[in-house]
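Enquirer: Please find upload-v5.txt (compact mmCIF, C-alpha atoms) on the next line:
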# COMPACT_ATOMS: atom_id res chain seq x y z
CA MET A 182 -28.77 -12.70 -1.78
CA GLU A 183 -28.66 -11.17 1.72
CA ARG A 184 -25.01 -12.13 2.16
CA VAL A 185 -22.03 -9.87 1.55
CA CYS A 186 -19.11 -10.91 -0.64
CA VAL A 187 -15.61 -10.03 0.58
CA ILE A 188 -12.86 -10.38 -2.04
CA GLY A 189 -9.49 -11.10 -0.47
CA ALA A 190 -8.30 -12.21 2.98
CA GLY A 191 -5.34 -9.89 3.33
CA SER A 192 -5.10 -7.29 6.07
CA SER A 193 -8.08 -5.28 4.75
CA GLY A 194 -10.24 -8.29 3.93
CA ILE A 195 -9.95 -9.79 7.40
CA ALA A 196 -10.76 -6.38 8.90
CA ALA A 197 -14.00 -6.41 6.92
CA CYS A 198 -14.79 -9.97 7.99
CA GLN A 199 -14.29 -9.10 11.66
CA VAL A 200 -16.55 -6.05 11.53
CA LEU A 201 -19.28 -7.79 9.52
CA GLY A 202 -19.22 -10.76 11.90
CA ALA A 203 -19.43 -8.50 14.94
CA ARG A 204 -22.46 -6.76 13.41
CA GLY A 205 -24.20 -10.05 12.63
CA ILE A 206 -23.96 -9.52 8.87
CA GLU A 207 -23.56 -12.76 6.92
CA PHE A 208 -20.68 -12.89 4.45
CA ASP A 209 -18.59 -15.09 2.21
CA CYS A 210 -14.89 -14.27 1.90
CA PHE A 211 -12.96 -15.56 -1.11
CA GLU A 212 -9.18 -15.87 -0.99
CA THR A 213 -7.04 -16.96 -3.93
CA GLY A 214 -4.30 -18.40 -1.73
CA SER A 215 -4.19 -21.08 0.95
CA GLU A 216 -3.68 -18.69 3.86
CA ILE A 217 -4.65 -15.25 5.05
CA GLY A 218 -2.26 -12.31 5.11
CA GLY A 219 -2.07 -11.21 1.47
CA ASN A 220 1.06 -9.18 0.87
CA TRP A 221 2.39 -9.98 4.33
CA ARG A 222 2.48 -13.75 3.70
CA TYR A 223 5.98 -14.41 2.38
CA LEU A 224 5.93 -16.68 -0.70
CA ASN A 225 2.14 -16.61 -0.58
CA ASP A 226 0.81 -19.25 -2.99
CA ASN A 227 -1.74 -16.75 -4.30
CA GLY A 228 1.20 -15.51 -6.38
CA MET A 229 0.64 -11.88 -5.47
CA SER A 230 2.79 -11.19 -2.40
CA SER A 231 5.55 -8.61 -2.83
CA ALA A 232 7.20 -9.45 0.51
CA TYR A 233 10.93 -10.15 0.45
CA ARG A 234 12.74 -12.32 2.99
CA SER A 235 14.11 -9.48 5.13
CA LEU A 236 11.00 -7.27 5.08
CA HIS A 237 9.99 -5.48 8.26
CA ILE A 238 7.16 -3.01 8.66
CA ASN A 239 7.90 0.69 8.19
CA THR A 240 5.15 1.77 10.57
CA SER A 241 5.48 0.78 14.22
CA ARG A 242 3.30 -1.97 15.66
CA GLN A 243 1.39 0.51 17.83
CA MET A 244 0.36 2.38 14.69
CA MET A 245 -0.34 -0.73 12.63
CA GLU A 246 -2.41 -2.85 15.03
CA PHE A 247 -6.14 -3.38 14.73
CA LYS A 248 -8.19 -1.60 17.37
CA SER A 249 -10.21 -4.77 17.95
CA PHE A 250 -7.08 -6.88 18.59
CA PRO A 251 -3.92 -5.03 19.68
CA MET A 252 -0.53 -6.52 18.87
CA PRO A 253 1.17 -8.27 21.80
CA ALA A 254 3.70 -6.13 23.66
CA ARG A 255 6.32 -8.86 23.24
CA LEU A 256 6.68 -7.93 19.56
CA PRO A 257 9.41 -5.46 18.60
CA ALA A 258 8.55 -1.92 17.53
CA TYR A 259 9.01 -2.90 13.87
CA PRO A 260 8.05 -6.60 13.45
CA SER A 261 9.04 -8.76 10.49
CA HIS A 262 6.56 -10.02 7.91
CA PHE A 263 6.69 -13.43 9.62
CA GLN A 264 5.49 -11.85 12.86
CA ILE A 265 2.83 -9.80 11.09
CA ALA A 266 1.47 -12.90 9.33
CA GLU A 267 1.33 -14.70 12.68
CA TYR A 268 -0.50 -11.72 14.17
CA PHE A 269 -3.09 -11.88 11.38
CA ASP A 270 -3.52 -15.62 12.02
CA ASP A 271 -4.13 -14.88 15.70
CA PHE A 272 -6.55 -12.08 14.78
CA VAL A 273 -8.69 -14.43 12.70
CA LYS A 274 -8.52 -17.16 15.33
CA HIS A 275 -9.46 -14.73 18.10
CA HIS A 276 -12.53 -13.50 16.22
CA GLY A 277 -13.41 -17.00 15.02
CA PHE A 278 -14.22 -16.58 11.33
CA ARG A 279 -11.58 -18.66 9.54
CA ASP A 280 -14.21 -21.23 8.56
CA ARG A 281 -16.06 -18.52 6.62
CA ILE A 282 -13.10 -17.88 4.32
CA ARG A 283 -13.06 -19.96 1.15
CA PHE A 284 -9.39 -20.52 0.39
CA ARG A 285 -7.94 -21.46 -3.00
CA THR A 286 -10.94 -19.69 -4.55
CA GLU A 287 -10.37 -16.95 -7.12
CA VAL A 288 -12.99 -14.35 -7.99
CA THR A 289 -13.01 -14.19 -11.77
CA SER A 290 -15.93 -11.86 -12.43
CA VAL A 291 -18.18 -9.34 -10.69
CA SER A 292 -21.05 -7.80 -12.63
CA VAL A 293 -24.24 -5.92 -11.89
CA ALA A 294 -27.29 -8.15 -11.35
CA PRO A 295 -30.90 -7.44 -10.33
CA GLY A 296 -30.79 -6.42 -6.67
CA GLY A 297 -27.04 -6.75 -6.31
CA TYR A 298 -23.97 -8.22 -7.95
CA SER A 299 -23.28 -11.52 -9.63
CA VAL A 300 -19.96 -12.96 -8.44
CA THR A 301 -18.26 -15.83 -10.25
CA THR A 302 -15.54 -17.81 -8.50
CA ARG A 303 -13.16 -20.55 -9.63
CA ASP A 304 -11.76 -23.32 -7.47
CA ARG A 305 -8.00 -23.21 -8.12
CA ASP A 306 -7.62 -26.95 -7.50
CA THR A 307 -10.58 -28.38 -9.42
CA GLY A 308 -11.28 -25.56 -11.89
CA GLU A 309 -14.97 -25.61 -10.93
CA GLU A 310 -16.75 -22.29 -11.44
CA ILE A 311 -19.69 -21.15 -9.31
CA SER A 312 -21.78 -18.00 -9.56
CA GLY A 313 -23.89 -16.36 -6.88
CA VAL A 314 -25.67 -13.06 -6.31
CA TYR A 315 -24.79 -10.81 -3.38
CA ARG A 316 -26.47 -7.63 -2.28
CA SER A 317 -23.08 -6.04 -1.54
CA VAL A 318 -19.48 -6.66 -2.57
CA ILE A 319 -16.41 -5.48 -0.66
CA VAL A 320 -13.30 -5.41 -2.84
CA ALA A 321 -10.16 -5.93 -0.74
CA ASN A 322 -7.67 -7.42 -3.21
CA GLY A 323 -4.92 -4.88 -2.44
CA HIS A 324 -2.99 -2.51 -4.68
CA HIS A 325 0.61 -3.67 -4.29
CA TRP A 326 0.57 -6.83 -6.38
CA SER A 327 0.39 -5.79 -10.08
CA PRO A 328 3.89 -4.48 -11.01
CA ARG A 329 4.18 -1.31 -13.03
CA MET A 330 7.23 -1.19 -15.29
CA PRO A 331 8.62 2.17 -16.50
CA GLU A 332 6.11 4.03 -18.70
CA PRO A 333 7.10 4.61 -21.40
CA ALA A 334 9.81 1.96 -21.55
CA PHE A 335 13.36 3.25 -21.84
CA PRO A 336 14.64 3.32 -25.43
CA GLY A 337 17.39 1.01 -26.57
CA SER A 338 18.12 -2.61 -25.75
CA PHE A 339 19.71 -4.31 -22.75
CA ASP A 340 21.72 -7.54 -22.73
CA GLY A 341 21.31 -8.26 -19.02
CA GLU A 342 18.37 -9.08 -16.77
CA GLN A 343 15.46 -6.72 -16.09
CA THR A 344 13.11 -7.39 -13.20
CA HIS A 345 10.67 -5.61 -10.89
CA ALA A 346 10.89 -5.19 -7.12
CA HIS A 347 7.76 -7.34 -6.86
CA PHE A 348 9.83 -10.41 -7.71
CA TYR A 349 12.75 -9.68 -5.38
CA LYS A 350 13.04 -12.12 -2.46
CA THR A 351 16.69 -12.48 -1.37
CA PRO A 352 19.99 -10.89 -2.48
CA GLU A 353 22.04 -14.04 -3.09
CA ARG A 354 21.38 -14.22 -6.83
CA PHE A 355 22.93 -10.75 -7.21
CA ALA A 356 26.29 -11.85 -5.79
CA ASP A 357 29.27 -10.47 -7.72
CA LYS A 358 26.99 -8.70 -10.22
CA LYS A 359 26.68 -5.04 -11.11
CA VAL A 360 23.19 -4.08 -9.99
CA LEU A 361 21.16 -1.00 -10.85
CA VAL A 362 18.16 -0.24 -8.65
CA LEU A 363 15.78 2.35 -10.10
CA GLY A 364 13.65 4.24 -7.58
CA ILE A 365 13.88 5.96 -4.21
CA GLY A 366 10.89 4.46 -2.38
CA ASN A 367 11.03 2.03 0.52
CA SER A 368 11.54 -1.09 -1.60
CA ALA A 369 14.23 0.57 -3.71
CA CYS A 370 16.22 1.56 -0.63
CA ASP A 371 15.87 -1.88 0.99
CA ILE A 372 16.91 -3.69 -2.20
CA ALA A 373 19.85 -1.35 -2.86
CA VAL A 374 21.08 -1.84 0.71
CA GLU A 375 20.76 -5.63 0.57
CA THR A 376 22.30 -6.14 -2.85
CA SER A 377 25.18 -3.80 -2.01
CA ARG A 378 26.35 -6.33 0.58
CA VAL A 379 26.90 -9.07 -2.03
CA SER A 380 27.15 -7.33 -5.41
CA ALA A 381 30.25 -6.27 -7.28
CA ARG A 382 28.69 -2.82 -7.40
CA THR A 383 25.26 -1.32 -6.70
CA PHE A 384 23.87 1.83 -8.33
CA LEU A 385 20.78 3.63 -7.08
CA ALA A 386 19.15 5.81 -9.76
CA MET A 387 16.17 8.12 -9.32
CA ARG A 388 14.11 10.73 -11.15
CA ARG A 389 13.86 13.04 -8.14
CA GLY A 390 15.09 13.31 -4.59
CA ALA A 391 13.16 12.05 -1.58
CA HIS A 392 13.04 12.81 2.12
CA ILE A 393 14.67 9.86 3.89
CA MET A 394 13.11 9.25 7.30
CA PRO A 395 14.80 7.16 10.01
CA LYS A 396 12.74 4.59 11.90
CA TYR A 397 13.59 6.28 15.18
CA LEU A 398 13.82 9.93 16.14
CA PHE A 399 14.97 10.86 19.64
CA GLY A 400 14.52 7.31 20.86
CA MET A 401 10.95 6.80 19.66
CA PRO A 402 9.47 5.33 16.47
CA THR A 403 9.29 8.19 13.98
CA ASP A 404 5.69 7.51 12.98
CA HIS A 405 4.56 8.32 16.52
CA LEU A 406 4.94 11.90 15.36
CA THR A 407 1.88 11.40 13.15
CA THR A 408 -0.31 10.99 16.25
CA SER A 409 1.47 13.55 18.42
CA PRO A 410 -0.26 16.76 19.59
CA LEU A 411 1.67 18.56 16.84
CA ALA A 412 0.06 16.34 14.18
CA ARG A 413 -3.37 16.59 15.79
CA PHE A 414 -3.62 20.34 16.20
CA ALA A 415 -0.88 22.15 14.27
CA PRO A 416 -1.44 23.39 10.70
CA ALA A 417 0.25 21.44 7.92
CA TRP A 418 2.94 24.08 7.30
CA LEU A 419 4.02 23.97 10.97
CA GLN A 420 4.07 20.16 10.95
CA ALA A 421 6.27 20.16 7.87
CA LEU A 422 8.61 22.79 9.32
CA SER A 423 8.97 20.87 12.59
CA VAL A 424 9.66 17.52 10.92
CA ARG A 425 12.19 19.12 8.57
CA ALA A 426 14.02 20.67 11.53
CA MET A 427 14.09 17.36 13.43
CA LEU A 428 15.41 15.51 10.40
CA ARG A 429 18.11 18.08 9.76
CA LEU A 430 19.21 17.68 13.38
CA ALA A 431 19.12 13.88 13.25
CA ARG A 432 20.82 13.22 9.92
CA GLY A 433 22.03 16.49 8.39
CA LYS A 434 21.64 17.30 4.68
CA LEU A 435 20.92 14.51 2.21
CA SER A 436 23.36 16.04 -0.23
CA ASP A 437 26.13 15.23 2.26
CA TYR A 438 25.46 11.57 1.45
CA GLY A 439 25.45 12.11 -2.30
CA LEU A 440 21.67 12.18 -2.66
CA PRO A 441 19.87 14.99 -4.48
CA GLU A 442 18.03 17.36 -2.18
CA PRO A 443 14.25 16.95 -2.71
CA SER A 444 12.59 19.79 -4.58
CA HIS A 445 9.25 19.13 -2.87
CA GLY A 446 8.06 19.70 0.67
CA ILE A 447 8.53 17.04 3.32
CA LEU A 448 4.81 16.22 3.45
CA ALA A 449 4.31 16.53 -0.32
CA ALA A 450 5.28 12.94 -1.11
CA HIS A 451 5.00 9.55 0.48
CA PRO A 452 7.92 9.24 2.91
CA THR A 453 10.83 6.87 2.37
CA VAL A 454 11.82 5.15 5.61
CA SER A 455 15.33 3.71 5.90
CA ASP A 456 17.90 3.53 8.66
CA ASP A 457 20.46 1.70 6.52
CA LEU A 458 20.61 3.61 3.25
CA LEU A 459 22.55 6.60 4.52
CA THR A 460 25.10 4.36 6.23
CA ARG A 461 25.71 2.35 3.05
CA LEU A 462 26.06 5.58 1.08
CA GLY A 463 28.51 6.86 3.68
CA HIS A 464 30.52 3.66 3.30
CA GLY A 465 30.63 4.11 -0.47
CA ASP A 466 28.82 0.80 -1.02
CA ILE A 467 26.06 2.39 -3.13
CA THR A 468 26.60 4.86 -5.97
CA VAL A 469 23.84 7.42 -6.57
CA LYS A 470 22.88 8.19 -10.16
CA PRO A 471 20.20 10.34 -11.86
CA ASN A 472 17.43 8.78 -13.91
CA LEU A 473 18.12 6.55 -16.93
CA THR A 474 17.80 7.98 -20.41
CA ARG A 475 18.38 4.80 -22.43
CA LEU A 476 19.46 1.19 -22.35
CA ASP A 477 22.76 0.56 -24.06
CA GLY A 478 23.58 -3.11 -24.63
CA ALA A 479 25.72 -4.21 -21.69
CA GLY A 480 24.98 -1.03 -19.79
CA VAL A 481 22.80 2.04 -19.36
CA VAL A 482 23.14 5.78 -19.96
CA PHE A 483 22.04 8.23 -17.28
CA ALA A 484 20.61 11.74 -17.49
CA ASP A 485 23.99 13.30 -16.69
CA GLY A 486 25.49 11.59 -19.76
CA SER A 487 27.46 9.02 -17.81
CA ARG A 488 27.36 5.35 -18.77
CA GLU A 489 27.82 2.26 -16.61
CA ASP A 490 27.97 -1.45 -17.38
CA VAL A 491 25.37 -3.36 -15.35
CA ASP A 492 24.20 -6.96 -15.22
CA VAL A 493 20.77 -6.52 -13.62
CA ILE A 494 18.22 -3.71 -13.46
CA VAL A 495 15.66 -3.83 -10.65
CA TYR A 496 12.75 -1.49 -11.39
CA CYS A 497 11.17 -0.19 -8.20
CA THR A 498 8.56 1.71 -10.14
CA GLY A 499 5.43 0.97 -8.17
CA TYR A 500 2.21 -0.88 -8.84
CA LYS A 501 -0.94 -0.60 -10.90
CA VAL A 502 -4.36 -0.40 -9.29
CA ASP A 503 -5.85 -3.49 -10.88
CA PHE A 504 -9.18 -5.30 -10.58
CA PRO A 505 -9.06 -8.14 -13.13
CA PHE A 506 -12.51 -9.33 -12.12
CA LEU A 507 -14.16 -5.96 -12.91
CA SER A 508 -14.97 -4.91 -16.46
CA SER A 509 -13.54 -1.48 -17.24
CA ALA A 510 -16.61 -0.72 -19.35
CA GLU A 511 -19.00 -1.54 -16.53
CA PHE A 512 -16.91 -0.02 -13.71
CA PRO A 513 -15.03 2.98 -15.18
CA ALA A 514 -14.62 4.66 -11.78
CA VAL A 515 -11.77 2.27 -10.89
CA SER A 516 -10.35 1.60 -14.34
CA SER A 517 -7.92 4.49 -14.82
CA ALA A 518 -4.52 3.65 -16.29
CA ASP A 519 -3.02 6.40 -14.12
CA ASN A 520 -4.20 4.87 -10.80
CA GLU A 521 -6.82 7.58 -10.37
CA VAL A 522 -10.04 6.20 -8.92
CA SER A 523 -13.33 8.05 -8.51
CA LEU A 524 -14.60 6.89 -5.13
CA TYR A 525 -16.54 8.81 -2.50
CA ARG A 526 -14.42 8.98 0.67
CA ARG A 527 -12.03 6.57 -1.16
CA VAL A 528 -14.57 3.72 -0.69
CA VAL A 529 -17.88 4.13 -2.57
CA ASP A 530 -18.50 4.12 -6.32
CA PRO A 531 -21.43 6.59 -6.66
CA ALA A 532 -22.69 4.78 -9.78
CA HIS A 533 -22.82 1.37 -8.09
CA PRO A 534 -24.55 1.26 -4.70
CA GLY A 535 -23.46 -1.74 -2.65
CA LEU A 536 -19.98 -1.91 -4.20
CA TYR A 537 -17.23 -0.91 -1.77
CA PHE A 538 -13.42 -0.69 -2.08
CA LEU A 539 -11.50 -1.37 1.08
CA GLY A 540 -7.89 -0.37 1.77
CA LEU A 541 -7.56 1.39 -1.59
CA ILE A 542 -5.59 4.19 0.06
CA GLN A 543 -1.96 5.15 0.61
CA PRO A 544 -1.77 6.68 4.09
CA LEU A 545 0.92 8.73 5.75
CA GLY A 546 0.83 6.09 8.47
CA ALA A 547 -0.46 2.52 8.71
CA ILE A 548 -3.29 1.20 6.54
CA MET A 549 -4.73 -1.46 8.90
CA PRO A 550 -6.52 0.83 11.41
CA LEU A 551 -7.91 2.85 8.51
CA ALA A 552 -9.22 -0.27 6.76
CA GLU A 553 -10.86 -1.21 10.07
CA ALA A 554 -12.48 2.24 10.25
CA GLN A 555 -13.60 1.96 6.61
CA SER A 556 -15.16 -1.43 7.43
CA GLU A 557 -17.20 0.09 10.25
CA TRP A 558 -18.58 2.70 7.86
CA ILE A 559 -19.32 0.09 5.20
CA ALA A 560 -21.14 -2.01 7.81
CA ASP A 561 -23.23 1.07 8.69
CA LEU A 562 -24.26 1.42 5.05
CA ILE A 563 -25.00 -2.29 4.59
CA SER A 564 -27.04 -2.53 7.79
CA GLY A 565 -28.97 0.70 7.16
CA ARG A 566 -27.44 2.56 10.11
CA GLY A 567 -25.95 5.01 7.64
CA VAL A 568 -27.16 6.52 4.38
CA LEU A 569 -25.06 7.98 1.58
CA PRO A 570 -25.57 11.56 0.38
CA PRO A 571 -27.01 12.29 -3.08
CA VAL A 572 -24.80 11.36 -6.04
CA PRO A 573 -23.99 15.01 -6.99
CA GLU A 574 -22.68 15.59 -3.48
CA MET A 575 -20.51 12.46 -3.68
CA LYS A 576 -19.10 13.51 -7.04
CA ALA A 577 -18.31 16.96 -5.66
CA GLU A 578 -16.34 15.38 -2.81
CA ILE A 579 -14.36 13.25 -5.27
CA THR A 580 -13.47 16.36 -7.30
CA SER A 581 -12.46 18.25 -4.16
CA TYR A 582 -10.23 15.37 -3.03
CA ARG A 583 -8.44 15.25 -6.38
CA GLU A 584 -7.84 18.99 -6.31
CA THR A 585 -6.37 18.70 -2.82
CA LEU A 586 -4.01 15.96 -3.99
CA ARG A 587 -2.82 18.04 -6.94
CA ARG A 588 -2.12 21.04 -4.71
CA ARG A 589 -0.27 19.13 -2.03
CA TYR A 590 1.56 16.15 -3.53
CA VAL A 591 4.16 15.53 -6.18
CA LYS A 592 2.43 14.68 -9.44
CA SER A 593 2.91 10.94 -9.98
CA LYS A 594 0.94 7.72 -10.15
CA ARG A 595 2.20 6.97 -6.64
CA HIS A 596 0.27 9.83 -5.08
CA THR A 597 -3.24 9.30 -6.41
CA LEU A 598 -4.47 7.45 -3.30
CA GLU A 599 -2.83 9.46 -0.51
CA VAL A 600 -4.60 10.20 2.78
CA ASP A 601 -3.44 11.62 6.10
CA PHE A 602 -3.72 9.07 8.90
CA LEU A 603 -5.47 11.28 11.47
CA GLY A 604 -7.30 13.45 8.96
CA TYR A 605 -8.82 10.48 7.18
CA GLN A 606 -9.91 8.90 10.48
CA ARG A 607 -11.73 12.12 11.35
CA GLU A 608 -13.24 12.21 7.86
CA LEU A 609 -14.70 8.72 8.28
CA GLN A 610 -16.02 9.52 11.77
CA GLU A 611 -17.75 12.64 10.48
CA GLU A 612 -19.19 10.71 7.53
CA ARG A 613 -20.61 8.05 9.85
CA ARG A 614 -22.30 10.71 11.97
CA ALA A 615 -23.67 12.45 8.88
CA GLY A 616 -24.85 9.13 7.43
CA ALA A 617 -26.74 8.30 10.61
CA ALA A 618 -28.41 11.71 10.51
CA ARG A 619 -29.59 11.13 6.93
CA ARG A 620 -31.69 8.09 7.88
Could you render the structure from this file as structure tokens?
Expert:
Amino acid sequence: MERVCVIGAGSSGIAACQVLGARGIEFDCFETGSEIGGNWRYLNDNGMSSAYRSLHINTSRQMMEFKSFPMPARLPAYPSHFQIAEYFDDFVKHHGFRDRIRFRTEVTSVSVAPGGYSVTTRDRDTGEEISGVYRSVIVANGHHWSPRMPEPAFPGSFDGEQTHAHFYKTPERFADKKVLVLGIGNSACDIAVETSRVSARTFLAMRRGAHIMPKYLFGMPTDHLTTSPLARFAPAWLQALSVRAMLRLARGKLSDYGLPEPSHGILAAHPTVSDDLLTRLGHGDITVKPNLTRLDGAGVVFADGSREDVDVIVYCTGYKVDFPFLSSAEFPAVSSADNEVSLYRRVVDPAHPGLYFLGLIQPLGAIMPLAEAQSEWIADLISGRGVLPPVPEMKAEITSYRETLRRRYVKSKRHTLEVDFLGYQRELQEERRAGAARR
């Protein structure tokens, strides 16, 4: 009863385990797969990893590393998923809690119980189910594992193959085929670039334009700008103006490459990071198209009225926020079909004390240090070092956060969890100080 349940041993789950262990808080961590790493474990046998063979991080290692265990300097600025998984292994080994993770164990149900939460788990090898009661539950199952197909589905029928970016691993099976990639996020750009090297033809279709960021600007990783003095002290409008000017200098206008110019501000949507896309466009290896309007047998029709024959459509249309072990009736705060969640400081469900959501954010920067900071705050609350404000105050903060999102970001299911890297860190620090003062 006094133990804490941690669901998932991906990057956020192991951050929670490290902080709880350091605070002397007993915990059980349940992981569906055989290894740690979650999304960063290529071909993870938990069946939920979206990593493809060539994947590298889009935030530099200095931005991504845990404060409690920095990445070794021998790693490149943008390590591969293999190197990141090895780093996570070393992190767990260094802090010595691997034996407290129950692998091949799936959490099937979490429900409210007297004094805490009843958690039911299933052994994936034997099928045995066990239930226990925990005073607190930390949900860290990730939000990039449940594919979202186009909503609503495109009208018409298609004779070829339709798949989601979640299932993409290597480009070989697209050799000599006509491939349509739908989307303009990071995965869409990577997949379009890779398939264009082997396909008969690759199309890249999108609903709207996006700001394409290179991995390096002026010889330094671009995301270092998010922790620069400009990002720390300048107002948002000046940050946006400065980044736009630097991008224009570094790569010119996107329309020069055949891409639509974005209609939104540079900090009004999650950035797309790609060094290769513009080169492949410049080579004529990728053809840009507007959004689809309908499927048409052996091909598709686009919004400009053009039609192309294609063999495969790869939908890079994002992911659903999904908690299959939580009843939507019992936990409505995290059950929105539109990915909107009602959590105080993106972590706490005001209606369910002791239930915490870790890493359920989409930062302009790396998620790992923020999950580590969230874990410290959660540990404050579990240990009694911190106290939450009254429920009306928490609900008011949730409303204010949503209004801020609507004012700043493009309206889409992709931008319901956005936070600024530095701003959110400060928010958590201020909350921890306020929580200590409430004791």
Enquirer: List as a PyMOL selection string the protein and nucleic acid residues near Ala479 (chain A), meaning an atom at most 7 Å away when only C-alpha atoms are counted, but skip any in the same chain fewer than 6 places from it.
Expert: chain A and resi 339-341+490-491
Enquirer: List as a count of residues only the protein and nucleic acid residues near Ser487 (chain A), meaning an atom at most 10 Å away when only C-alpha atoms are counted, but skip any in the same chain fewer than 5 places from it.
Expert: 5
Enquirer: Output, as AutoDock Vina command-line options, the centre and edge lengths in Å (one decimal) of the axis-aligned box that contains all listed atoms of region 519-534 of chain A with 6 Å of margin on each side.
Expert:
--center_x -13.8 --center_y 5.1 --center_z -6.7 --size_x 33.5 --size_y 19.7 --size_z 26.8
Enquirer: Could you pull out every residue with an atom within 10 Å of (-0.9, -10.0, -4.7), file coordinates, counting all atoms listed in the file, and send them as a list in words?
Expert: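 Those residues lying close to the given coordinates are Gly189, Gly191, Thr213, Gly214, Gly219, Asn220, Trp221, Arg222, Asn225, Asp226, Asn227, Gly228, Met229, Ser230, Ser231, Ala232, Asn322, Gly323, His324, His325, Trp326, Ser327, Pro328 and His347 of chain A.
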Enquirer: Counting only C-alpha atoms, figure out which residue out of A:Ala190, A:Val293, A:Val522, A:Ala197 gets nearest to Arg583 (chain A).
Expert: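 Result for the nearest residue to Arg583 (chain A): A:Val522.
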Enquirer: When you look at region 268-277 of chain A with a cut-off of 12 Å (counting all atoms listed in the file), what residues show up, excluding the ones that are within fewer than 4 positions of it in the same chain? I need them as a PyMOL selection string.
Expert: chain A and resi 190-203+216-222+242+245-256+260-264+281-282+549
Enquirer: Store the residues picked out above in a file with C-alpha atoms, as a PDB file, in the frame of the given file.
Expert:
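Heads up, here's the output in selection-v1.pdb:
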ATOM      1  CA  ALA A 190      -8.300 -12.210   2.980  1.00  0.00           C
ATOM      2  CA  GLY A 191      -5.340  -9.890   3.330  1.00  0.00           C
ATOM      3  CA  SER A 192      -5.100  -7.290   6.070  1.00  0.00           C
ATOM      4  CA  SER A 193      -8.080  -5.280   4.750  1.00  0.00           C
ATOM      5  CA  GLY A 194     -10.240  -8.290   3.930  1.00  0.00           C
ATOM      6  CA  ILE A 195      -9.950  -9.790   7.400  1.00  0.00           C
ATOM      7  CA  ALA A 196     -10.760  -6.380   8.900  1.00  0.00           C
ATOM      8  CA  ALA A 197     -14.000  -6.410   6.920  1.00  0.00           C
ATOM      9  CA  CYS A 198     -14.790  -9.970   7.990  1.00  0.00           C
ATOM     10  CA  GLN A 199     -14.290  -9.100  11.660  1.00  0.00           C
ATOM     11  CA  VAL A 200     -16.550  -6.050  11.530  1.00  0.00           C
ATOM     12  CA  LEU A 201     -19.280  -7.790   9.520  1.00  0.00           C
ATOM     13  CA  GLY A 202     -19.220 -10.760  11.900  1.00  0.00           C
ATOM     14  CA  ALA A 203     -19.430  -8.500  14.940  1.00  0.00           C
ATOM     15  CA  GLU A 216      -3.680 -18.690   3.860  1.00  0.00           C
ATOM     16  CA  ILE A 217      -4.650 -15.250   5.050  1.00  0.00           C
ATOM     17  CA  GLY A 218      -2.260 -12.310   5.110  1.00  0.00           C
ATOM     18  CA  GLY A 219      -2.070 -11.210   1.470  1.00  0.00           C
ATOM     19  CA  ASN A 220       1.060  -9.180   0.870  1.00  0.00           C
ATOM     20  CA  TRP A 221       2.390  -9.980   4.330  1.00  0.00           C
ATOM     21  CA  ARG A 222       2.480 -13.750   3.700  1.00  0.00           C
ATOM     22  CA  ARG A 242       3.300  -1.970  15.660  1.00  0.00           C
ATOM     23  CA  MET A 245      -0.340  -0.730  12.630  1.00  0.00           C
ATOM     24  CA  GLU A 246      -2.410  -2.850  15.030  1.00  0.00           C
ATOM     25  CA  PHE A 247      -6.140  -3.380  14.730  1.00  0.00           C
ATOM     26  CA  LYS A 248      -8.190  -1.600  17.370  1.00  0.00           C
ATOM     27  CA  SER A 249     -10.210  -4.770  17.950  1.00  0.00           C
ATOM     28  CA  PHE A 250      -7.080  -6.880  18.590  1.00  0.00           C
ATOM     29  CA  PRO A 251      -3.920  -5.030  19.680  1.00  0.00           C
ATOM     30  CA  MET A 252      -0.530  -6.520  18.870  1.00  0.00           C
ATOM     31  CA  PRO A 253       1.170  -8.270  21.800  1.00  0.00           C
ATOM     32  CA  ALA A 254       3.700  -6.130  23.660  1.00  0.00           C
ATOM     33  CA  ARG A 255       6.320  -8.860  23.240  1.00  0.00           C
ATOM     34  CA  LEU A 256       6.680  -7.930  19.560  1.00  0.00           C
ATOM     35  CA  PRO A 260       8.050  -6.600  13.450  1.00  0.00           C
ATOM     36  CA  SER A 261       9.040  -8.760  10.490  1.00  0.00           C
ATOM     37  CA  HIS A 262       6.560 -10.020   7.910  1.00  0.00           C
ATOM     38  CA  PHE A 263       6.690 -13.430   9.620  1.00  0.00           C
ATOM     39  CA  GLN A 264       5.490 -11.850  12.860  1.00  0.00           C
ATOM     40  CA  ARG A 281     -16.060 -18.520   6.620  1.00  0.00           C
ATOM     41  CA  ILE A 282     -13.100 -17.880   4.320  1.00  0.00           C
ATOM     42  CA  MET A 549      -4.730  -1.460   8.900  1.00  0.00           C
TER      43      MET A 549
END
Enquirer: Please list as a count of residues only every residue within 9 Å of Ser380 (chain A), counting all atoms listed in the file and excluding residues in the same chain fewer than 4 positions away.
Expert: 10
Enquirer: Using only C-alpha atoms, find the one residue out of A:Ser312, A:Ser292, A:Gln610, A:Thr302 that sits nearest to Phe512 (chain A).
Expert: A:Ser292
Enquirer: One decimal, Å: what's the distance from CA of Phe538 (chain A) over to CA of Thr240 (chain A), could you say?
Expert: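 Calculated distance between CA of Phe538 (chain A) and CA of Thr240 (chain A) is 22.6 Å.
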Enquirer: Using only C-alpha atoms, which protein or nucleic acid residues come within 8 Å of region 182-186 of chain A? Drop anything in the same chain fewer than 5 positions from it, and give the result as a ChimeraX atom specification.
Expert: /A:206-211,297,313-319
Enquirer: Which residue is closest to Val469 (chain A)? Choose from A:Pro571, A:Pro295, A:Pro452, A:Gly439 and count only C-alpha atoms.
Expert: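 Checking each of A:Pro571, A:Pro295, A:Pro452, A:Gly439 against Val469 (chain A), counting only C-alpha atoms, the winner is A:Gly439.
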